[in-house]
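The structure file run-v3.txt is reproduced below (compact mmCIF, C-alpha atoms).
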```txt
# COMPACT_ATOMS: atom_id res chain seq x y z
CA MET E 18 166.30 -43.50 -84.77
CA THR E 19 167.21 -39.82 -85.13
CA ALA E 20 169.75 -37.61 -83.39
CA SER E 21 167.03 -36.21 -81.13
CA ASP E 22 166.45 -39.71 -79.72
CA LEU E 23 169.92 -39.62 -78.16
CA GLU E 24 170.93 -37.13 -75.50
CA PRO E 25 174.05 -35.28 -76.73
CA LYS E 26 176.69 -35.96 -74.09
CA TYR E 27 179.81 -34.95 -75.97
CA THR E 28 181.87 -32.07 -74.63
CA ASP E 29 183.26 -29.06 -76.43
CA ASN E 30 186.68 -30.71 -76.64
CA LYS E 31 187.82 -29.48 -80.04
CA TYR E 32 189.95 -32.47 -80.94
CA ASP E 33 188.38 -35.54 -79.35
CA TYR E 34 189.68 -39.08 -79.96
CA ASP E 35 187.48 -40.69 -77.32
CA LEU E 36 183.82 -40.30 -78.21
CA SER E 37 181.64 -42.84 -76.44
CA ASP E 38 179.43 -45.07 -78.57
CA ASP E 39 176.41 -42.90 -77.75
CA GLU E 40 178.27 -39.67 -78.50
CA LYS E 41 179.50 -41.04 -81.80
CA LYS E 42 176.05 -42.33 -82.78
CA HIS E 43 174.46 -38.99 -81.93
CA LEU E 44 176.92 -37.08 -84.11
CA ILE E 45 176.55 -39.52 -87.01
CA LEU E 46 172.76 -39.22 -86.94
CA GLU E 47 173.00 -35.46 -86.69
CA LEU E 48 175.37 -35.34 -89.67
CA LEU E 49 173.07 -37.55 -91.75
CA GLU E 50 170.08 -35.36 -90.88
CA GLU E 51 171.89 -32.06 -91.40
CA ARG E 52 173.42 -33.09 -94.72
CA GLU E 53 170.96 -35.60 -96.06
CA PRO E 54 172.74 -37.91 -98.50
CA THR E 55 171.85 -38.03 -102.16
CA GLY E 56 172.45 -40.91 -104.54
CA ASN E 57 171.68 -44.61 -104.33
CA GLN E 58 174.51 -45.94 -102.17
CA SER E 59 173.98 -47.31 -98.66
CA THR E 60 177.47 -46.03 -97.78
CA VAL E 61 178.17 -42.31 -98.06
CA CYS E 62 181.40 -40.35 -97.82
CA TYR E 63 181.64 -36.84 -96.38
CA GLN E 64 184.50 -34.37 -96.67
CA LEU E 65 184.98 -32.51 -93.37
CA ASP E 66 187.38 -29.64 -92.76
CA ALA E 67 188.64 -29.37 -89.18
CA ALA E 68 189.07 -25.60 -89.57
CA ASN E 69 185.43 -25.15 -90.63
CA PRO E 70 183.19 -24.49 -87.58
CA GLN E 71 180.31 -26.30 -89.31
CA ASP E 72 182.43 -29.44 -89.71
CA ALA E 73 184.58 -29.38 -86.59
CA LYS E 74 182.50 -31.53 -84.22
CA TYR E 75 181.91 -34.15 -86.90
CA THR E 76 185.65 -34.58 -87.48
CA ASN E 77 185.80 -36.16 -84.01
CA ILE E 78 183.88 -39.14 -85.40
CA ALA E 79 186.86 -39.75 -87.68
CA ARG E 80 189.38 -39.11 -84.92
CA THR E 81 187.70 -41.68 -82.69
CA LEU E 82 187.89 -44.29 -85.45
CA GLU E 83 191.55 -43.37 -86.04
CA ARG E 84 192.44 -43.83 -82.40
CA THR E 85 190.43 -47.05 -82.01
CA ARG E 86 192.09 -48.76 -84.95
CA PHE E 87 195.58 -47.37 -84.38
CA GLU E 88 195.54 -48.23 -80.70
CA ARG E 89 194.59 -51.83 -81.41
CA ARG E 90 197.15 -52.21 -84.16
CA PHE E 91 200.05 -50.01 -83.08
CA GLY E 92 199.37 -49.10 -79.46
CA ASN E 93 198.64 -45.46 -80.35
CA THR E 94 196.71 -44.19 -77.33
CA THR E 95 194.80 -40.92 -77.19
CA ASP E 96 197.86 -39.17 -75.77
CA ILE E 97 200.01 -40.47 -78.60
CA MET E 98 197.47 -39.36 -81.22
CA HIS E 99 197.40 -35.86 -79.70
CA GLU E 100 201.20 -35.79 -79.72
CA GLU E 101 201.45 -37.08 -83.30
CA TYR E 102 198.75 -34.93 -84.90
CA GLY E 103 198.38 -31.95 -82.55
CA PRO E 104 200.43 -29.56 -84.72
CA TRP E 105 198.36 -30.50 -87.77
CA GLU E 106 194.82 -30.60 -86.38
CA LYS E 107 193.88 -27.23 -87.88
CA GLN E 108 195.40 -28.29 -91.21
CA SER E 109 193.44 -31.56 -91.41
CA ILE E 110 190.66 -32.52 -93.78
CA PHE E 111 188.82 -35.77 -93.06
CA PHE E 112 187.01 -38.09 -95.42
CA LEU E 113 184.45 -40.05 -93.42
CA ALA E 114 182.43 -42.98 -94.79
CA ILE E 115 179.23 -43.94 -93.00
CA ASP E 116 176.90 -46.93 -93.37
CA MET E 117 173.45 -45.32 -93.53
CA ASN E 118 171.66 -48.58 -92.66
CA THR E 119 173.38 -48.82 -89.28
CA ALA E 120 174.60 -45.23 -88.74
CA GLU E 121 178.06 -46.64 -88.06
CA THR E 122 181.47 -45.62 -89.33
CA VAL E 123 182.92 -47.50 -92.29
CA SER E 124 186.27 -45.77 -92.70
CA ALA E 125 188.09 -42.48 -92.30
CA LEU E 126 191.07 -40.80 -93.93
CA ARG E 127 192.97 -37.70 -92.83
CA ALA E 128 194.66 -35.41 -95.35
CA ILE E 129 196.91 -32.58 -94.13
CA HIS E 130 196.96 -29.49 -96.32
CA ASP E 131 199.45 -26.63 -96.48
CA GLY E 132 199.71 -24.46 -93.40
CA PRO E 133 202.04 -22.86 -90.87
CA ASN E 134 203.35 -26.21 -89.58
CA GLY E 135 204.26 -27.59 -92.99
CA PHE E 136 203.65 -31.27 -93.76
CA LYS E 137 203.91 -34.09 -91.24
CA THR E 138 205.69 -36.74 -93.33
CA PRO E 139 208.60 -34.54 -94.51
CA LYS E 140 208.88 -32.89 -91.08
CA ASP E 141 209.01 -36.26 -89.29
CA LEU E 142 211.57 -37.58 -91.75
CA GLY E 143 213.67 -34.46 -91.32
CA LYS E 144 213.84 -35.19 -87.60
CA GLU E 145 214.66 -38.86 -88.30
CA PHE E 146 217.47 -37.94 -90.70
CA GLY E 147 218.73 -34.99 -88.67
CA ASP E 148 218.03 -32.73 -91.65
CA SER E 149 216.08 -29.57 -90.84
CA GLU E 150 215.96 -28.74 -94.57
CA TYR E 151 214.49 -32.09 -95.64
CA GLU E 152 211.07 -30.69 -96.56
CA LYS E 153 212.77 -28.04 -98.71
CA HIS E 154 214.85 -30.78 -100.36
CA ILE E 155 211.71 -32.80 -101.13
CA PHE E 156 210.02 -29.79 -102.72
CA GLU E 157 213.06 -29.16 -104.91
CA HIS E 158 213.37 -32.83 -105.88
CA TYR E 159 209.76 -33.07 -107.07
CA GLY E 160 209.64 -29.59 -108.57
CA ILE E 161 207.09 -28.31 -106.06
CA THR E 162 206.87 -24.53 -106.13
CA ASP E 163 203.46 -24.12 -104.53
CA PRO E 164 202.86 -25.99 -101.22
CA SER E 165 199.10 -25.45 -101.59
CA THR E 166 199.17 -28.10 -104.34
CA CYS E 167 200.25 -30.77 -101.80
CA TRP E 168 198.38 -33.06 -99.42
CA ASP E 169 200.02 -35.24 -96.80
CA LEU E 170 197.85 -38.33 -96.30
CA GLY E 171 198.11 -38.77 -92.56
CA THR E 172 195.95 -41.76 -91.67
CA ALA E 173 193.50 -44.21 -93.18
CA ALA E 174 191.41 -46.48 -90.95
CA ALA E 175 188.60 -48.92 -91.72
CA ASP E 176 186.14 -50.15 -89.12
CA GLU E 177 186.59 -53.84 -88.28
CA GLY E 178 183.02 -54.53 -89.35
CA HIS E 179 183.70 -53.25 -92.86
CA PRO E 180 186.67 -55.09 -94.40
CA GLY E 181 187.74 -53.27 -97.54
CA GLY E 182 185.85 -50.20 -96.38
CA ALA E 183 188.80 -47.89 -97.00
CA VAL E 184 187.97 -47.82 -100.72
CA TRP E 185 185.20 -45.29 -100.00
CA VAL E 186 187.54 -42.76 -98.42
CA TYR E 187 190.34 -43.43 -100.90
CA ARG E 188 187.99 -42.44 -103.70
CA GLY E 189 186.70 -39.49 -101.70
CA MET E 190 190.25 -38.36 -101.06
CA TYR E 191 191.15 -38.50 -104.75
CA VAL E 192 188.05 -36.63 -105.92
CA GLY E 193 188.43 -34.06 -103.15
CA SER E 194 192.09 -33.59 -103.98
CA GLN E 195 191.40 -32.84 -107.60
CA LYS E 196 188.65 -30.38 -106.73
CA ALA E 197 191.26 -28.63 -104.58
CA GLY E 198 193.90 -28.62 -107.34
CA ILE E 199 196.23 -31.05 -105.55
CA LYS E 200 199.17 -32.32 -107.61
CA HIS E 201 201.36 -34.01 -104.99
CA PHE E 202 200.72 -36.60 -102.27
CA PHE E 203 203.01 -37.51 -99.39
CA SER E 204 202.33 -40.28 -96.92
CA MET E 205 203.82 -42.78 -94.50
CA VAL E 206 202.28 -46.19 -95.21
CA ASP E 207 202.47 -49.36 -93.12
CA GLU E 208 203.60 -52.53 -94.91
CA LYS E 209 200.18 -54.23 -95.15
CA PRO E 210 198.24 -51.22 -96.47
CA PHE E 211 201.05 -50.57 -98.93
CA GLU E 212 200.67 -54.08 -100.32
CA THR E 213 196.96 -53.41 -100.80
CA MET E 214 197.65 -50.07 -102.48
CA GLU E 215 200.04 -51.75 -104.90
CA LYS E 216 197.36 -54.27 -105.85
CA LEU E 217 194.95 -51.40 -106.47
CA GLY E 218 197.41 -49.54 -108.66
CA PHE E 219 198.04 -46.50 -106.48
CA PRO E 220 200.80 -44.35 -108.04
CA PHE E 221 202.90 -44.34 -104.86
CA LYS E 222 206.69 -44.63 -104.98
CA PRO E 223 209.28 -44.43 -102.18
CA LEU E 224 209.87 -40.81 -101.19
CA ASP E 225 213.29 -39.60 -102.30
CA GLY E 226 216.00 -40.56 -99.85
CA ALA E 227 213.71 -42.72 -97.71
CA ASN E 228 213.28 -46.45 -97.16
CA TRP E 229 211.31 -48.82 -94.93
CA MET E 230 211.47 -47.77 -91.30
CA ALA E 231 209.78 -48.04 -87.91
CA TYR E 232 207.26 -45.24 -87.45
CA ALA E 233 204.60 -44.28 -84.88
CA GLY E 234 204.20 -47.82 -83.57
CA SER E 235 204.50 -49.51 -86.96
CA LYS E 236 207.51 -51.79 -87.26
CA LYS E 237 207.73 -51.31 -91.02
CA SER E 238 206.42 -48.25 -92.84
CA LEU E 239 207.41 -46.67 -96.14
CA PRO E 240 207.49 -42.92 -96.83
CA VAL E 241 205.89 -42.44 -100.26
CA TYR E 242 205.26 -39.80 -102.90
CA GLY E 243 202.35 -39.86 -105.34
CA ASP E 244 201.71 -37.84 -108.50
CA ALA E 245 198.11 -36.98 -107.61
CA PRO E 246 196.60 -36.31 -111.08
CA THR E 247 197.75 -39.74 -112.33
CA PHE E 248 195.79 -41.61 -109.64
CA GLU E 249 192.80 -42.58 -111.81
CA ALA E 250 194.88 -43.54 -114.83
CA SER E 251 197.17 -45.69 -112.68
CA VAL E 252 194.22 -47.55 -111.15
CA ARG E 253 192.67 -48.06 -114.59
CA GLU E 254 195.92 -49.58 -115.81
CA GLN E 255 195.72 -52.07 -112.97
CA GLU E 256 192.09 -52.80 -113.84
CA LYS E 257 193.18 -53.51 -117.41
CA ALA E 258 196.06 -55.69 -116.21
CA ILE E 259 193.71 -58.06 -114.36
CA SER E 260 190.99 -58.12 -117.03
CA ASP E 261 191.87 -61.71 -117.96
CA ASN E 262 192.19 -62.88 -114.36
CA PRO E 263 188.75 -63.89 -113.01
CA VAL E 264 190.10 -64.52 -109.51
CA MET E 265 191.57 -61.03 -109.18
CA GLN E 266 188.51 -59.51 -110.79
CA ARG E 267 186.37 -61.15 -108.13
CA ILE E 268 188.65 -59.93 -105.35
CA ILE E 269 189.37 -56.34 -106.39
CA GLY E 270 187.42 -55.70 -109.59
CA SER E 271 184.67 -53.70 -107.90
CA ALA E 272 187.18 -51.65 -105.90
CA LEU E 273 189.16 -50.83 -109.04
CA GLY E 274 186.01 -49.66 -110.81
CA GLN E 275 185.09 -47.48 -107.86
CA LEU E 276 188.58 -46.00 -107.54
CA GLY E 277 189.48 -45.61 -111.19
CA ARG E 278 186.16 -44.93 -112.89
CA GLY E 279 184.03 -43.49 -110.10
CA THR E 280 181.33 -46.16 -110.37
CA LYS E 281 179.95 -45.18 -106.94
CA ASP E 282 180.59 -41.47 -106.92
CA ASP E 283 176.99 -40.77 -105.96
CA SER E 284 178.20 -41.77 -102.47
CA LEU E 285 180.30 -38.58 -102.26
CA GLN E 286 178.61 -35.87 -100.22
CA PHE E 287 180.68 -32.79 -100.95
```

Entire entry expressed as structure tokens:
Amino acid sequence: MTASDLEPKYTDNKYDYDLSDDEKKHLILELLEEREPTGNQSTVCYQLDAANPQDAKYTNIARTLERTRFERRFGNTTDIMHEEYGPWEKQSIFFLAIDMNTAETVSALRAIHDGPNGFKTPKDLGKEFGDSEYEKHIFEHYGITDPSTCWDLGTAAADEGHPGGAVWVYRGMYVGSQKAGIKHFFSMVDEKPFETMEKLGFPFKPLDGANWMAYAGSKKSLPVYGDAPTFEASVREQEKAISDNPVMQRIIGSALGQLGRGTKDDSLQF
């Protein structure tokens, strides 16, 4: 099946969280045809910039996966997603993993870069703490003098049919971040994903002055900071730590190799 086999029914809605199955399939097939994947992986990961006219319509594939997963887990409807991310849509970069065998989504991750609306995590926390200068405080605390070296990791969602599928976009995010000269990560992470990130050796620590809290439908989320350039080394340390544990190697060994040593980087299409 190719994109031409499906009638394009999607509208010109710039930020669409509600693509139908046919609309989503059409866009996925079009993306695969327009940017034919290289490498030997059956899963590929694209980097898509919402502000780039050539990428814009494809970012709605990721938005639809975001909304689908977040609505089921946290009750985040389309209206809530627009409210939460509206100010940062033009500042969003998406990493989108696709299964080429089925032309279905595997996972998606949103990173928010520097722009006129600042960063979502510090801004939201400033409102929570009643501190309009919180973002400035965070920059000073971590020695950040150039906001363009920061990414706020807004969402990460894996399709239900691909358990563990987020590893593709986590790796894409890291590689993309280093190509962009990113030194600092912010994020708000739900309890379960945070537990997974700890097992994978992500260099995330509680953001200064913050603790576990309810956030955007999640009953327990943690604001975190990550030293971006240390990501690979931190994951490799975890890989080394489980080298004598065959059970853990079987469970996360492949993911650690992919994240820390780039064993499947031919999947990256950017």

inquiry  = as a VMD selection string, please: the residues near Glu53 (chain E) (cut-off 10 Å, all atoms listed in the file, same-chain neighbours under 6 positions excluded).
reply    = chain E and resid 46 to 47 286

inquiry  = So the first atom is CA of Tyr34 (chain E) and the second is CA of Phe112 (chain E); what is the distance between them in Å, to one decimal place?
reply    =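 Answer for the CA of Tyr34 (chain E) to CA of Phe112 (chain E) separation: 15.7 Å.
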
request  = Can you work out which one of E:Lys107, E:Arg80, E:Lys153, E:Lys74 has the shortest atom-to-atom distance to Gly132 (chain E), counting only C-alpha atoms?
outcome  =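 Nearest candidate to Gly132 (chain E) out of E:Lys107, E:Arg80, E:Lys153, E:Lys74: E:Lys107.
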
query = Which residue, E:Gln108, E:Thr60, E:Thr280, E:Gln195, has the smallest gap to Pro246 (chain E) when you use all atoms listed in the file?
reply = E:Gln195

request  = Using all atoms listed in the file, determine which residues lie at most 8 Å from region 138-148 of chain E, disregarding the query and same-chain residues fewer than 2 positions distant; provide the list as a list of chain:residue names.
outcome  =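 Counting all atoms listed in the file, the residues come to E:Gly135, E:Phe136, E:Glu150, E:Tyr151, E:Glu152, E:Ile155, E:Asp169, E:Gly171, E:Phe203, E:Ser204, E:Met205, E:Pro240.
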
Writing out the chosen residues with C-alpha atoms as a PDB file, in the coordinates of the input:
```
ATOM      1  CA  GLY E 135     204.260 -27.590 -92.990  1.00  0.00           C
ATOM      2  CA  PHE E 136     203.650 -31.270 -93.760  1.00  0.00           C
ATOM      3  CA  GLU E 150     215.960 -28.740 -94.570  1.00  0.00           C
ATOM      4  CA  TYR E 151     214.490 -32.090 -95.640  1.00  0.00           C
ATOM      5  CA  GLU E 152     211.070 -30.690 -96.560  1.00  0.00           C
ATOM      6  CA  ILE E 155     211.710 -32.800-101.130  1.00  0.00           C
ATOM      7  CA  ASP E 169     200.020 -35.240 -96.800  1.00  0.00           C
ATOM      8  CA  GLY E 171     198.110 -38.770 -92.560  1.00  0.00           C
ATOM      9  CA  PHE E 203     203.010 -37.510 -99.390  1.00  0.00           C
ATOM     10  CA  SER E 204     202.330 -40.280 -96.920  1.00  0.00           C
ATOM     11  CA  MET E 205     203.820 -42.780 -94.500  1.00  0.00           C
ATOM     12  CA  PRO E 240     207.490 -42.920 -96.830  1.00  0.00           C
TER      13      PRO E 240
END
```

ask   = By how many Å are CA of Phe219 (chain E) and CA of Val252 (chain E) apart?
value =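 Value for the CA of Phe219 (chain E)-CA of Val252 (chain E) distance: 6.1 Å.
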
key: Among listed residues E:Val206, E:Gln255, E:Tyr242, E:Leu126, nearest Arg84 (chain E) (using all atoms listed in the file)   =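 Looking at the shortest contact to Arg84 (chain E), the residue is E:Leu126.
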
query = Could you tell me, as a list in words, which residues have any atom at most 6 Å from (191.4, -46.1, -112.6), counting all atoms listed in the file?
reply =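 Checked against the point, the hits come out as Glu249, Ala250, Ser251, Val252, Arg253, Leu276, Gly277 and Arg278 of chain E.
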
query = What separation in Å, quoted to one decimal, exists between CA of Ala125 (chain E) and CA of Glu254 (chain E)?
reply = 25.8 Å

inquiry  = Counting only C-alpha atoms, which residue out of E:His158, E:Val184, E:Ser284, E:Asn262 sits closest to Leu224 (chain E)?
reply    =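 Once distances to Leu224 (chain E) are computed over only C-alpha atoms, the minimum belongs to E:His158.
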
inquiry  = For a quick check of understanding, using only C-alpha atoms, which of E:Leu82, E:Ala120, E:Leu217, E:Ile161 has the smallest distance to Asp33 (chain E)?
reply    =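 That would be E:Leu82, the residue with the smallest distance to Asp33 (chain E).
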
query = Quick one: of E:Trp229, E:Phe248, E:Tyr191, E:Phe87, who's nearest to Thr172 (chain E), counting only C-alpha atoms?
reply =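 Of the candidates, the smallest distance to Thr172 (chain E) is held by E:Phe87.
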